[in-house]
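Containing compact mmCIF, C-alpha atoms and all ligand atoms: model05.txt.
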# COMPACT_ATOMS: atom_id res chain seq x y z
CA HIS A 1 65.99 -0.95 -17.89
CA ARG A 2 62.99 -2.68 -16.37
CA PRO A 3 59.62 -1.68 -17.80
CA ALA A 4 57.76 0.73 -15.52
CA LEU A 5 54.88 -1.63 -14.87
CA GLN A 6 57.18 -4.43 -13.79
CA MET A 7 59.04 -2.07 -11.44
CA GLU A 8 55.81 -0.89 -9.86
CA GLU A 9 54.67 -4.47 -9.42
CA SER A 10 57.92 -5.58 -7.81
CA SER A 11 58.05 -2.59 -5.48
CA SER A 12 54.53 -3.27 -4.32
CA LEU A 13 55.45 -6.92 -3.78
CA ARG A 14 58.43 -5.78 -1.68
CA ARG A 15 56.11 -3.60 0.36
CA SER A 16 53.67 -6.45 1.07
CA ALA A 17 56.56 -8.67 2.12
CA CYS A 18 57.86 -5.99 4.55
CA ARG A 19 54.47 -5.57 6.03
CA ALA A 20 54.07 -9.28 6.65
CA LYS A 21 57.52 -9.45 8.31
CA GLY A 22 56.80 -6.44 10.52
CA GLY A 23 53.67 -8.19 11.80
CA THR A 24 51.51 -5.09 11.25
CA PRO A 25 47.89 -6.18 11.19
CA GLY A 26 46.66 -5.86 7.65
CA PHE A 27 43.86 -7.44 5.71
CA LYS A 28 43.47 -8.15 2.03
CA VAL A 29 40.36 -6.57 0.60
CA ALA A 30 38.86 -6.83 -2.89
CA ILE A 31 36.24 -4.51 -4.34
CA LEU A 32 34.27 -6.05 -7.24
CA GLY A 33 32.72 -3.29 -9.35
CA ALA A 34 35.45 -0.88 -8.25
CA ALA A 35 35.13 1.44 -11.25
CA GLY A 36 31.47 2.29 -10.61
CA GLY A 37 29.74 5.15 -8.88
CA VAL A 38 29.93 3.39 -5.51
CA GLY A 39 33.13 1.48 -6.29
CA GLN A 40 35.40 4.47 -6.95
CA PRO A 41 34.83 6.47 -3.75
CA LEU A 42 34.77 3.15 -1.86
CA ALA A 43 38.18 2.28 -3.32
CA MET A 44 39.46 5.64 -2.09
CA LEU A 45 38.04 5.15 1.40
CA MET A 46 39.41 1.61 1.70
CA LYS A 47 42.83 2.84 0.57
CA MET A 48 42.64 5.22 3.57
CA ASN A 49 41.83 2.41 6.03
CA PRO A 50 44.94 1.50 8.07
CA LEU A 51 43.62 -2.06 8.55
CA VAL A 52 43.95 -2.73 4.81
CA SER A 53 47.36 -3.93 3.59
CA VAL A 54 46.35 -5.05 0.09
CA LEU A 55 43.50 -3.62 -1.97
CA HIS A 56 42.37 -5.38 -5.16
CA LEU A 57 40.19 -3.35 -7.52
CA TYR A 58 38.23 -5.45 -10.02
CA ASP A 59 35.81 -4.33 -12.71
CA VAL A 60 34.86 -5.19 -16.26
CA VAL A 61 35.72 -1.62 -17.36
CA ASN A 62 38.20 1.07 -16.31
CA ALA A 63 39.84 -0.85 -13.46
CA PRO A 64 43.38 0.15 -14.55
CA GLY A 65 42.48 3.85 -14.49
CA VAL A 66 40.91 3.75 -11.05
CA THR A 67 43.83 1.66 -9.78
CA ALA A 68 46.48 4.03 -11.12
CA ASP A 69 44.64 6.94 -9.56
CA VAL A 70 44.01 5.42 -6.10
CA SER A 71 47.50 3.88 -5.95
CA HIS A 72 49.07 7.35 -5.75
CA MET A 73 47.54 8.02 -2.33
CA ASP A 74 50.37 7.84 0.21
CA THR A 75 48.69 5.41 2.57
CA GLY A 76 49.83 1.90 3.45
CA ALA A 77 47.67 -0.37 1.32
CA VAL A 78 49.20 -1.84 -1.83
CA VAL A 79 46.70 -1.41 -4.69
CA ARG A 80 46.37 -3.76 -7.65
CA GLY A 81 43.90 -3.57 -10.52
CA PHE A 82 42.13 -6.41 -12.33
CA LEU A 83 40.18 -6.01 -15.56
CA GLY A 84 37.59 -8.39 -16.96
CA GLN A 85 36.53 -11.88 -16.07
CA VAL A 86 39.83 -13.46 -17.09
CA GLN A 87 41.38 -11.66 -14.11
CA LEU A 88 38.60 -12.38 -11.58
CA GLU A 89 40.42 -15.32 -10.02
CA SER A 90 43.65 -13.36 -9.53
CA ALA A 91 41.62 -10.52 -8.01
CA LEU A 92 40.03 -12.87 -5.46
CA THR A 93 42.83 -15.21 -4.48
CA GLY A 94 43.83 -14.80 -0.83
CA MET A 95 41.29 -12.12 0.06
CA ASP A 96 40.00 -11.72 3.64
CA LEU A 97 37.11 -9.43 2.72
CA VAL A 98 35.29 -9.05 -0.60
CA ILE A 99 33.02 -6.03 -1.08
CA ILE A 100 30.58 -6.21 -4.00
CA PRO A 101 29.06 -3.06 -5.50
CA ALA A 102 29.06 -4.54 -9.05
CA GLY A 103 26.06 -4.11 -11.33
CA GLY A 104 23.70 -1.39 -12.41
CA PRO A 105 22.03 1.22 -10.19
CA ARG A 106 18.43 2.42 -10.29
CA LYS A 107 17.16 5.04 -12.70
CA PRO A 108 14.12 7.23 -11.93
CA GLY A 109 10.92 5.16 -11.86
CA MET A 110 12.79 1.90 -11.16
CA THR A 111 12.48 -0.06 -7.94
CA ARG A 112 15.45 -1.96 -6.53
CA ASP A 113 13.67 -5.12 -7.63
CA ASP A 114 13.78 -3.95 -11.27
CA LEU A 115 17.56 -4.41 -11.02
CA PHE A 116 17.16 -8.14 -10.48
CA LYS A 117 17.44 -9.02 -14.17
CA ILE A 118 20.68 -7.09 -14.58
CA ASN A 119 22.39 -7.93 -11.31
CA ALA A 120 21.37 -11.52 -10.45
CA GLY A 121 23.65 -13.08 -13.08
CA ILE A 122 26.55 -10.77 -12.18
CA ILE A 123 26.32 -11.78 -8.52
CA ARG A 124 26.19 -15.47 -9.45
CA THR A 125 29.42 -15.19 -11.49
CA LEU A 126 31.25 -13.21 -8.82
CA CYS A 127 30.19 -15.56 -6.03
CA GLU A 128 31.29 -18.61 -8.04
CA GLY A 129 34.70 -16.93 -8.18
CA ILE A 130 34.67 -16.36 -4.42
CA SER A 131 33.79 -20.03 -3.76
CA LYS A 132 36.74 -21.08 -5.84
CA CYS A 133 39.42 -18.55 -4.84
CA CYS A 134 38.67 -17.26 -1.33
CA PRO A 135 35.93 -19.44 0.18
CA HIS A 136 36.73 -18.19 3.70
CA ALA A 137 36.49 -14.49 2.91
CA ILE A 138 33.85 -12.29 4.51
CA VAL A 139 31.50 -11.03 1.77
CA ASN A 140 29.83 -7.61 1.98
CA LEU A 141 27.08 -7.51 -0.64
CA ILE A 142 25.95 -4.06 -1.78
CA SER A 143 24.46 -4.77 -5.23
CA ASN A 144 20.68 -4.44 -5.37
CA PRO A 145 18.17 -5.85 -4.81
CA VAL A 146 20.04 -6.84 -1.61
CA ASN A 147 16.91 -8.73 -0.44
CA SER A 148 17.46 -11.11 -3.40
CA THR A 149 21.21 -10.89 -4.08
CA VAL A 150 22.11 -12.18 -0.59
CA PRO A 151 19.90 -15.31 -1.07
CA ILE A 152 21.46 -15.71 -4.56
CA ALA A 153 24.96 -15.61 -3.08
CA ALA A 154 23.95 -18.12 -0.36
CA GLU A 155 22.63 -20.56 -2.97
CA VAL A 156 25.77 -20.24 -5.10
CA PHE A 157 27.95 -20.94 -2.05
CA LYS A 158 25.73 -23.89 -1.02
CA LYS A 159 26.06 -25.40 -4.49
CA ALA A 160 29.83 -25.06 -4.29
CA GLY A 161 29.87 -26.51 -0.77
CA THR A 162 31.47 -23.39 0.71
CA TYR A 163 28.48 -21.71 2.36
CA ASP A 164 29.11 -20.22 5.78
CA PRO A 165 26.16 -18.00 6.76
CA LYS A 166 28.38 -16.12 9.22
CA ARG A 167 30.45 -14.75 6.37
CA LEU A 168 27.75 -13.46 4.05
CA LEU A 169 26.45 -10.01 4.92
CA GLY A 170 24.07 -7.76 3.01
CA VAL A 171 25.03 -4.12 3.50
CA THR A 172 22.18 -2.04 4.97
CA THR A 173 24.42 0.52 6.65
CA LEU A 174 23.18 3.34 4.41
CA ASP A 175 19.68 2.86 5.83
CA VAL A 176 21.13 3.22 9.33
CA ALA A 177 23.18 6.30 8.30
CA ARG A 178 20.07 7.91 6.84
CA ALA A 179 18.02 7.02 9.92
CA ASN A 180 20.67 8.48 12.24
CA THR A 181 20.86 11.65 10.13
CA PHE A 182 17.11 12.25 9.87
CA VAL A 183 16.41 11.39 13.53
CA ALA A 184 19.24 13.69 14.65
CA GLU A 185 17.69 16.47 12.59
CA VAL A 186 14.33 16.04 14.35
CA LEU A 187 15.98 15.86 17.78
CA GLY A 188 18.36 18.75 17.03
CA VAL A 189 21.47 16.75 17.99
CA ASP A 190 24.69 15.60 16.32
CA PRO A 191 23.99 12.50 14.12
CA ARG A 192 27.12 10.85 15.50
CA GLU A 193 25.39 10.65 18.88
CA VAL A 194 22.36 8.85 17.48
CA ASN A 195 21.93 5.14 16.86
CA VAL A 196 18.78 3.88 15.14
CA PRO A 197 18.39 0.14 14.61
CA VAL A 198 17.03 -0.45 11.09
CA VAL A 199 15.73 -3.98 10.57
CA GLY A 200 13.96 -6.08 7.91
CA GLY A 201 15.60 -5.71 4.53
CA HIS A 202 16.82 -3.15 2.02
CA SER A 203 13.97 -1.90 -0.16
CA GLN A 204 10.89 0.21 0.38
CA VAL A 205 8.72 -1.04 3.26
CA THR A 206 11.25 -3.73 4.18
CA ILE A 207 13.57 -0.95 5.45
CA PHE A 208 12.16 -0.65 8.95
CA PRO A 209 13.59 1.75 11.54
CA LEU A 210 12.82 0.81 15.15
CA LEU A 211 12.21 4.32 16.42
CA SER A 212 11.17 3.02 19.85
CA GLN A 213 14.74 1.73 20.32
CA VAL A 214 16.70 4.83 19.33
CA LYS A 215 19.77 5.57 21.41
CA PRO A 216 20.01 7.83 23.32
CA PRO A 217 16.46 7.05 24.51
CA CYS A 218 13.92 9.59 23.23
CA SER A 219 10.28 9.69 22.23
CA PHE A 220 8.52 10.87 19.10
CA THR A 221 5.00 11.99 18.32
CA ALA A 222 2.90 9.81 15.99
CA GLU A 223 3.44 12.45 13.29
CA GLU A 224 7.20 12.38 13.73
CA ILE A 225 7.21 8.58 13.55
CA SER A 226 5.25 8.55 10.33
CA TYR A 227 7.42 11.34 8.81
CA LEU A 228 10.70 9.68 9.83
CA THR A 229 9.70 6.18 8.75
CA ASP A 230 8.64 7.44 5.34
CA ARG A 231 11.79 9.54 4.91
CA ILE A 232 14.09 6.66 5.88
CA GLN A 233 12.28 4.17 3.62
CA ASN A 234 12.37 6.55 0.66
CA GLY A 235 15.82 8.08 1.17
CA GLY A 236 17.21 6.18 -1.80
CA LYS A 237 14.36 7.24 -4.08
CA LYS A 238 14.99 10.91 -3.21
CA VAL A 239 18.61 10.58 -4.36
CA VAL A 240 17.63 8.74 -7.56
CA GLU A 241 15.13 11.50 -8.39
CA ALA A 242 17.55 14.32 -7.58
CA LYS A 243 20.25 12.71 -9.74
CA ALA A 244 17.66 12.60 -12.55
CA GLY A 245 19.00 9.66 -14.51
CA ALA A 246 22.62 9.88 -13.40
CA GLY A 247 22.32 6.95 -10.97
CA SER A 248 21.54 6.32 -7.31
CA ALA A 249 23.34 7.06 -4.05
CA THR A 250 27.08 6.61 -4.54
CA LEU A 251 28.96 8.89 -2.12
CA SER A 252 26.83 8.24 0.96
CA MET A 253 26.80 4.56 -0.04
CA ALA A 254 30.58 4.42 -0.33
CA TYR A 255 30.81 6.08 3.10
CA ALA A 256 28.38 3.53 4.56
CA ALA A 257 30.12 0.58 2.87
CA ALA A 258 33.52 1.75 4.13
CA LYS A 259 32.14 2.10 7.64
CA PHE A 260 30.63 -1.40 7.51
CA ALA A 261 33.79 -2.93 5.99
CA ASP A 262 35.86 -1.29 8.73
CA ALA A 263 33.56 -2.86 11.34
CA CYS A 264 34.03 -6.28 9.68
CA LEU A 265 37.82 -5.82 9.67
CA ARG A 266 37.89 -4.76 13.32
CA GLY A 267 35.82 -7.87 14.06
CA LEU A 268 38.31 -10.02 12.12
CA ARG A 269 41.12 -8.45 14.13
CA GLY A 270 39.36 -9.60 17.30
CA ASP A 271 38.02 -6.29 18.62
CA ALA A 272 35.16 -6.73 21.10
CA GLY A 273 31.68 -5.23 20.95
CA ILE A 274 31.42 -4.51 17.21
CA VAL A 275 27.69 -4.24 16.51
CA GLU A 276 26.13 -3.24 13.18
CA CYS A 277 22.83 -3.86 11.38
CA SER A 278 23.09 -6.25 8.45
CA PHE A 279 20.90 -8.46 6.24
CA VAL A 280 22.01 -11.99 7.08
CA ALA A 281 20.83 -15.60 7.36
CA SER A 282 18.80 -15.43 10.53
CA GLN A 283 16.35 -17.18 12.83
CA VAL A 284 15.02 -13.99 14.36
CA THR A 285 11.84 -14.37 12.27
CA GLU A 286 10.37 -17.24 10.24
CA LEU A 287 12.17 -15.87 7.14
CA PRO A 288 15.56 -17.36 6.19
CA PHE A 289 17.18 -13.90 5.93
CA PHE A 290 16.52 -10.77 7.92
CA ALA A 291 18.35 -7.58 8.86
CA THR A 292 18.92 -6.94 12.55
CA LYS A 293 21.77 -5.89 14.77
CA VAL A 294 24.59 -8.41 14.63
CA ARG A 295 27.86 -8.71 16.51
CA LEU A 296 30.92 -9.06 14.28
CA GLY A 297 34.00 -11.03 15.24
CA ARG A 298 36.84 -13.19 13.97
CA PHE A 299 34.45 -15.48 12.12
CA GLY A 300 32.10 -12.84 10.76
CA VAL A 301 28.62 -12.74 12.32
CA GLU A 302 29.10 -14.13 15.83
CA GLU A 303 25.77 -13.19 17.34
CA ILE A 304 22.42 -12.10 15.95
CA TYR A 305 20.38 -9.94 18.29
CA PRO A 306 16.62 -10.37 18.66
CA LEU A 307 14.29 -7.57 17.60
CA GLY A 308 13.61 -6.47 21.18
CA PRO A 309 10.31 -5.03 22.40
CA LEU A 310 8.17 -3.66 19.56
CA ASN A 311 5.20 -1.30 19.72
CA GLU A 312 2.03 -1.80 17.70
CA PHE A 313 3.18 0.44 14.82
CA GLU A 314 6.39 -1.58 14.55
CA ARG A 315 4.65 -4.96 14.74
CA PHE A 316 2.33 -3.91 11.93
CA GLY A 317 5.14 -2.42 9.84
CA LEU A 318 7.27 -5.53 10.21
CA ALA A 319 4.38 -7.79 9.21
CA GLU A 320 4.14 -5.77 5.96
CA ALA A 321 7.91 -5.88 5.52
CA LYS A 322 7.98 -9.65 5.91
CA LYS A 323 5.42 -10.18 3.14
CA GLU A 324 7.57 -8.30 0.64
CA LEU A 325 10.79 -9.81 1.94
CA ALA A 326 9.48 -13.36 1.58
CA THR A 327 8.84 -12.78 -2.15
CA SER A 328 12.25 -11.18 -2.79
CA ILE A 329 14.10 -13.93 -0.91
CA GLU A 330 12.23 -16.64 -2.79
CA LYS A 331 13.00 -14.92 -6.09
CA GLY A 332 16.72 -14.99 -5.30
CA ILE A 333 16.70 -18.62 -4.19
CA SER A 334 14.78 -19.87 -7.23
CA PHE A 335 17.09 -17.97 -9.61
CA ILE A 336 19.88 -20.37 -8.66
CA ARG A 337 17.84 -23.52 -7.94
P1 LIG A 401 27.47 1.83 -11.44
O1 LIG A 401 26.76 1.38 -12.66
O2 LIG A 401 28.00 3.22 -11.37
O3 LIG A 401 28.69 0.85 -11.14
C1 LIG A 401 28.57 -0.52 -11.24
C2 LIG A 401 29.91 -1.06 -11.65
O4 LIG A 401 29.80 -2.48 -11.72
C3 LIG A 401 30.37 -0.56 -13.03
O5 LIG A 401 31.68 -0.04 -12.96
C4 LIG A 401 30.31 -1.81 -13.88
O6 LIG A 401 31.31 -1.85 -14.90
C5 LIG A 401 30.55 -2.89 -12.83
N1 LIG A 401 30.15 -4.20 -13.29
C6 LIG A 401 29.14 -4.55 -14.11
N2 LIG A 401 29.17 -5.87 -14.33
C7 LIG A 401 30.20 -6.36 -13.63
C8 LIG A 401 30.74 -7.66 -13.46
N3 LIG A 401 30.21 -8.73 -14.06
N4 LIG A 401 31.81 -7.79 -12.66
C9 LIG A 401 32.36 -6.72 -12.04
N5 LIG A 401 31.89 -5.47 -12.17
C10 LIG A 401 30.82 -5.30 -12.96
O7 LIG A 401 26.48 1.55 -10.20
P2 LIG A 401 26.65 2.10 -8.70
O8 LIG A 401 25.95 3.38 -8.55
O9 LIG A 401 28.07 2.00 -8.32
O10 LIG A 401 25.80 1.01 -7.89
C11 LIG A 401 26.28 -0.30 -7.76
C12 LIG A 401 25.26 -1.19 -7.07
O11 LIG A 401 25.12 -0.79 -5.71
C13 LIG A 401 23.87 -1.11 -7.69
O12 LIG A 401 23.31 -2.41 -7.77
C14 LIG A 401 23.10 -0.28 -6.70
O13 LIG A 401 21.73 -0.52 -6.73
C15 LIG A 401 23.73 -0.75 -5.40
N6 LIG A 401 23.52 0.16 -4.28
C16 LIG A 401 23.24 -0.40 -3.08
C17 LIG A 401 23.00 0.37 -1.97
C18 LIG A 401 22.77 -0.29 -0.64
O14 LIG A 401 22.39 0.41 0.30
N7 LIG A 401 23.02 -1.57 -0.47
C19 LIG A 401 22.98 1.83 -2.07
C20 LIG A 401 23.41 2.34 -3.35
C21 LIG A 401 23.63 1.51 -4.42

Take the structure from the file and write it as structure tokens.
Amino acid sequence: HRPALQMEESSSLRRSACRAKGGTPGFKVAILGAAGGVGQPLAMLMKMNPLVSVLHLYDVVNAPGVTADVSHMDTGAVVRGFLGQVQLESALTGMDLVIIPAGGPRKPGMTRDDLFKINAGIIRTLCEGISKCCPHAIVNLISNPVNSTVPIAAEVFKKAGTYDPKRLLGVTTLDVARANTFVAEVLGVDPREVNVPVVGGHSQVTIFPLLSQVKPPCSFTAEEISYLTDRIQNGGKKVVEAKAGAGSATLSMAYAAAKFADACLRGLRGDAGIVECSFVASQVTELPFFATKVRLGRFGVEEIYPLGPLNEFERFGLAEAKKELATSIEKGISFIR
């Protein structure tokens, strides 16, 4: 009699081997912080993604429980769980895409920047692991403050000599999802038909929707612009307040992260025309990092689009955004240096 765990392990190994032989496209994806509020629904959504052949779920608590649960879904991906730092390297080895929602969320009254103290060190440790075990993986960074954690990750990778700016992406997709939803509401259309570029960064005034560039083309009154901009910038705060101490956005975030990860995987597969907003190393402005539309491909970020024509409201808003962004970026960089 083989112990149950060993049997499960060997049957999942058999399945990965079959998949590789069959030539089915499949990517290896790790979620770091997989037992959290974002991590759990994200694990479920990634298990449903047909482009994923292997799904590694890593956390410092409860990873085995989440893994056992998700592994019973009858979709293709083989799921393996990893608990605690001693298993970080096994979790990361061979991964094509690493998604990071590890670390604490906001509580009422906290800004995303207040999370710096808790999350900066966590991101450093996880990125050191990535440098060592899967230096060529695409990294999707969700943990806040994204405006600082992306610069932290870049510095860790630079120190290790593995930095490739094309492969490090801060996830701002939830800002775009919110913008699409709220704009669709004002226009009275289906949100799936709306595309709002959201640029800058991922906190307060640095979240900047370009309402003059909404697709399909439309126009808004000054009142609508002010209402929508405020609602998009404070969408996260609304959720934190409504959850009243129980955390920040998790379900909509998992949805957004899964959508962004899927775009990265389709890019890796070689699909053409994959465009998403993301906070990346950029020369679009004088700042070293900035969120704009980017085109995703086999090597990660293959093209960064310029901001396009801006109206006066947008020029002013972006000037404000850049001031705050500069401070957050510097804070991240000096944490490692
Ligand atoms: P949570 O507290 O529910 O989950 C965080 C998970 O990270 C926990 O399971 C915890 O055990 C794990 N963790 C802590 N230290 C770790 C380490 N060293 N290694 C691996 N895992 C570790 O928090 P939640 O709600 O899931 O949020 C996660 C992060 O995502 C927060 O920083 C939050 O601010 C951010 N977030 C970002 C958004 C965005 O748009 N980019 C939107 C929503 C949340």

Protein and nucleic residues near ligand LIG 401 (chain A), 6 Å, only C-alpha atoms and all ligand atoms, as a tab-separated table (two decimals) with C-alpha atoms, keeping the file's coordinate frame:
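Output file selection-v2.tsv is given in full below:
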chain	number	residue	atom	x	y	z
A	32	LEU	CA	34.27	-6.05	-7.24
A	33	GLY	CA	32.72	-3.29	-9.35
A	35	ALA	CA	35.13	1.44	-11.25
A	36	GLY	CA	31.47	2.29	-10.61
A	37	GLY	CA	29.74	5.15	-8.88
A	38	VAL	CA	29.93	3.39	-5.51
A	39	GLY	CA	33.13	1.48	-6.29
A	59	ASP	CA	35.81	-4.33	-12.71
A	60	VAL	CA	34.86	-5.19	-16.26
A	61	VAL	CA	35.72	-1.62	-17.36
A	101	PRO	CA	29.06	-3.06	-5.50
A	102	ALA	CA	29.06	-4.54	-9.05
A	103	GLY	CA	26.06	-4.11	-11.33
A	104	GLY	CA	23.70	-1.39	-12.41
A	105	PRO	CA	22.03	1.22	-10.19
A	106	ARG	CA	18.43	2.42	-10.29
A	122	ILE	CA	26.55	-10.77	-12.18
A	142	ILE	CA	25.95	-4.06	-1.78
A	143	SER	CA	24.46	-4.77	-5.23
A	144	ASN	CA	20.68	-4.44	-5.37
A	171	VAL	CA	25.03	-4.12	3.50
A	172	THR	CA	22.18	-2.04	4.97
A	174	LEU	CA	23.18	3.34	4.41
A	247	GLY	CA	22.32	6.95	-10.97
A	248	SER	CA	21.54	6.32	-7.31
A	249	ALA	CA	23.34	7.06	-4.05
A	250	THR	CA	27.08	6.61	-4.54
A	253	MET	CA	26.80	4.56	-0.04

- All residues 12 Å or closer to Tyr58 in chain A, all atoms listed in the file, same chain fewer than 6 positions away omitted, as a PyMOL selection string: chain A and resi 29-36+39-40+43+64-67+79-92+98-102+126

Selection to disk with C-alpha atoms, as an mmCIF file, keeping the file's coordinate frame:
data_model
loop_
_atom_site.group_PDB
_atom_site.id
_atom_site.type_symbol
_atom_site.label_atom_id
_atom_site.label_comp_id
_atom_site.auth_asym_id
_atom_site.auth_seq_id
_atom_site.Cartn_x
_atom_site.Cartn_y
_atom_site.Cartn_z
ATOM 1 C CA VAL A 29 40.360 -6.570 0.600
ATOM 2 C CA ALA A 30 38.860 -6.830 -2.890
ATOM 3 C CA ILE A 31 36.240 -4.510 -4.340
ATOM 4 C CA LEU A 32 34.270 -6.050 -7.240
ATOM 5 C CA GLY A 33 32.720 -3.290 -9.350
ATOM 6 C CA ALA A 34 35.450 -0.880 -8.250
ATOM 7 C CA ALA A 35 35.130 1.440 -11.250
ATOM 8 C CA GLY A 36 31.470 2.290 -10.610
ATOM 9 C CA GLY A 39 33.130 1.480 -6.290
ATOM 10 C CA GLN A 40 35.400 4.470 -6.950
ATOM 11 C CA ALA A 43 38.180 2.280 -3.320
ATOM 12 C CA PRO A 64 43.380 0.150 -14.550
ATOM 13 C CA GLY A 65 42.480 3.850 -14.490
ATOM 14 C CA VAL A 66 40.910 3.750 -11.050
ATOM 15 C CA THR A 67 43.830 1.660 -9.780
ATOM 16 C CA VAL A 79 46.700 -1.410 -4.690
ATOM 17 C CA ARG A 80 46.370 -3.760 -7.650
ATOM 18 C CA GLY A 81 43.900 -3.570 -10.520
ATOM 19 C CA PHE A 82 42.130 -6.410 -12.330
ATOM 20 C CA LEU A 83 40.180 -6.010 -15.560
ATOM 21 C CA GLY A 84 37.590 -8.390 -16.960
ATOM 22 C CA GLN A 85 36.530 -11.880 -16.070
ATOM 23 C CA VAL A 86 39.830 -13.460 -17.090
ATOM 24 C CA GLN A 87 41.380 -11.660 -14.110
ATOM 25 C CA LEU A 88 38.600 -12.380 -11.580
ATOM 26 C CA GLU A 89 40.420 -15.320 -10.020
ATOM 27 C CA SER A 90 43.650 -13.360 -9.530
ATOM 28 C CA ALA A 91 41.620 -10.520 -8.010
ATOM 29 C CA LEU A 92 40.030 -12.870 -5.460
ATOM 30 C CA VAL A 98 35.290 -9.050 -0.600
ATOM 31 C CA ILE A 99 33.020 -6.030 -1.080
ATOM 32 C CA ILE A 100 30.580 -6.210 -4.000
ATOM 33 C CA PRO A 101 29.060 -3.060 -5.500
ATOM 34 C CA ALA A 102 29.060 -4.540 -9.050
ATOM 35 C CA LEU A 126 31.250 -13.210 -8.820
#

Given the point (21.3, 5.1, 0.7) in the file's coordinates, find the residues that have an atom at most 10 Å from it, counting only C-alpha atoms, and give them as a short mmCIF file (atom, residue, chain, number, x, y, z; two decimals) with C-alpha atoms, keeping the file's coordinate frame.
data_model
loop_
_atom_site.label_atom_id
_atom_site.label_comp_id
_atom_site.auth_asym_id
_atom_site.auth_seq_id
_atom_site.Cartn_x
_atom_site.Cartn_y
_atom_site.Cartn_z
CA THR A 172 22.18 -2.04 4.97
CA THR A 173 24.42 0.52 6.65
CA LEU A 174 23.18 3.34 4.41
CA ASP A 175 19.68 2.86 5.83
CA VAL A 176 21.13 3.22 9.33
CA ALA A 177 23.18 6.30 8.30
CA ARG A 178 20.07 7.91 6.84
CA ALA A 179 18.02 7.02 9.92
CA HIS A 202 16.82 -3.15 2.02
CA ILE A 232 14.09 6.66 5.88
CA GLN A 233 12.28 4.17 3.62
CA ASN A 234 12.37 6.55 0.66
CA GLY A 235 15.82 8.08 1.17
CA GLY A 236 17.21 6.18 -1.80
CA LYS A 237 14.36 7.24 -4.08
CA LYS A 238 14.99 10.91 -3.21
CA VAL A 239 18.61 10.58 -4.36
CA VAL A 240 17.63 8.74 -7.56
CA SER A 248 21.54 6.32 -7.31
CA ALA A 249 23.34 7.06 -4.05
CA THR A 250 27.08 6.61 -4.54
CA LEU A 251 28.96 8.89 -2.12
CA SER A 252 26.83 8.24 0.96
CA MET A 253 26.80 4.56 -0.04
CA ALA A 254 30.58 4.42 -0.33
CA TYR A 255 30.81 6.08 3.10
CA ALA A 256 28.38 3.53 4.56
#

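Distance annotation: of A:Pro288, A:Gly76, A:Pro217, A:Gly297, the residue with the minimal separation from Gly267 in chain A is A:Gly297; atom set is only C-alpha atoms.
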
- Item | Residues within 12 Å of Glu312 in chain A, all atoms listed in the file, excluding chain neighbours under 4 positions, as a VMD selection string | chain A and resid 210 to 212 222 316 to 319

Each range 119-143 of chain A residue no farther than 10 Å from range 157-162 of chain A, nearest pair in Å, all atoms listed in the file, as a tab-separated table:
residue	atom	partner	partner_atom	distance
A:Arg124	CA	A:Phe157	CA	9.4
A:Cys127	CA	A:Phe157	CA	7.1
A:Glu128	CA	A:Phe157	CA	7.2
A:Gly129	CA	A:Phe157	CA	10.0
A:Ile130	CA	A:Phe157	CA	8.5
A:Ser131	CA	A:Thr162	CA	6.1
A:Lys132	CA	A:Ala160	CA	8.1
A:Cys134	CA	A:Thr162	CA	9.7
A:Pro135	CA	A:Thr162	CA	6.0
A:His136	CA	A:Thr162	CA	8.0

- Message: Just want the 12 Å neighbourhood of Val150 in chain A, counted on all atoms listed in the file, with same-chain residues fewer than 6 positions away dropped. Output as a PyMOL selection string.
- Response: chain A and resi 100+116+119-120+123-124+127+139-144+156-157+163+165+167-172+201-202+278-281+288-291+325+328-333+335-336

- Message: For a test of reading the model, state the distance in Å between CA of Leu187 in chain A and CA of Thr221 in chain A, rounded to one decimal.
- Response: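 Between CA of Leu187 in chain A and CA of Thr221 in chain A the gap is 11.7 Å.
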
- Message: Ranking A:Val194, A:Arg315, A:Ala321, A:Gln283 by minimum distance to Glu303 in chain A and counting all atoms listed in the file, which one comes first?
- Response: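 Answer, going by the shortest atom-to-atom distance: A:Gln283.
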
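Rounded to one decimal, CA of Met73 in chain A and CA of Ala263 in chain A lie 22.4 Å from each other.
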
- Task: Kindly give the distance, in Å, that separates CA of Arg298 in chain A and CA of Pro41 in chain A, rounded to a single decimal.
- Result: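 A separation of 26.5 Å between them.
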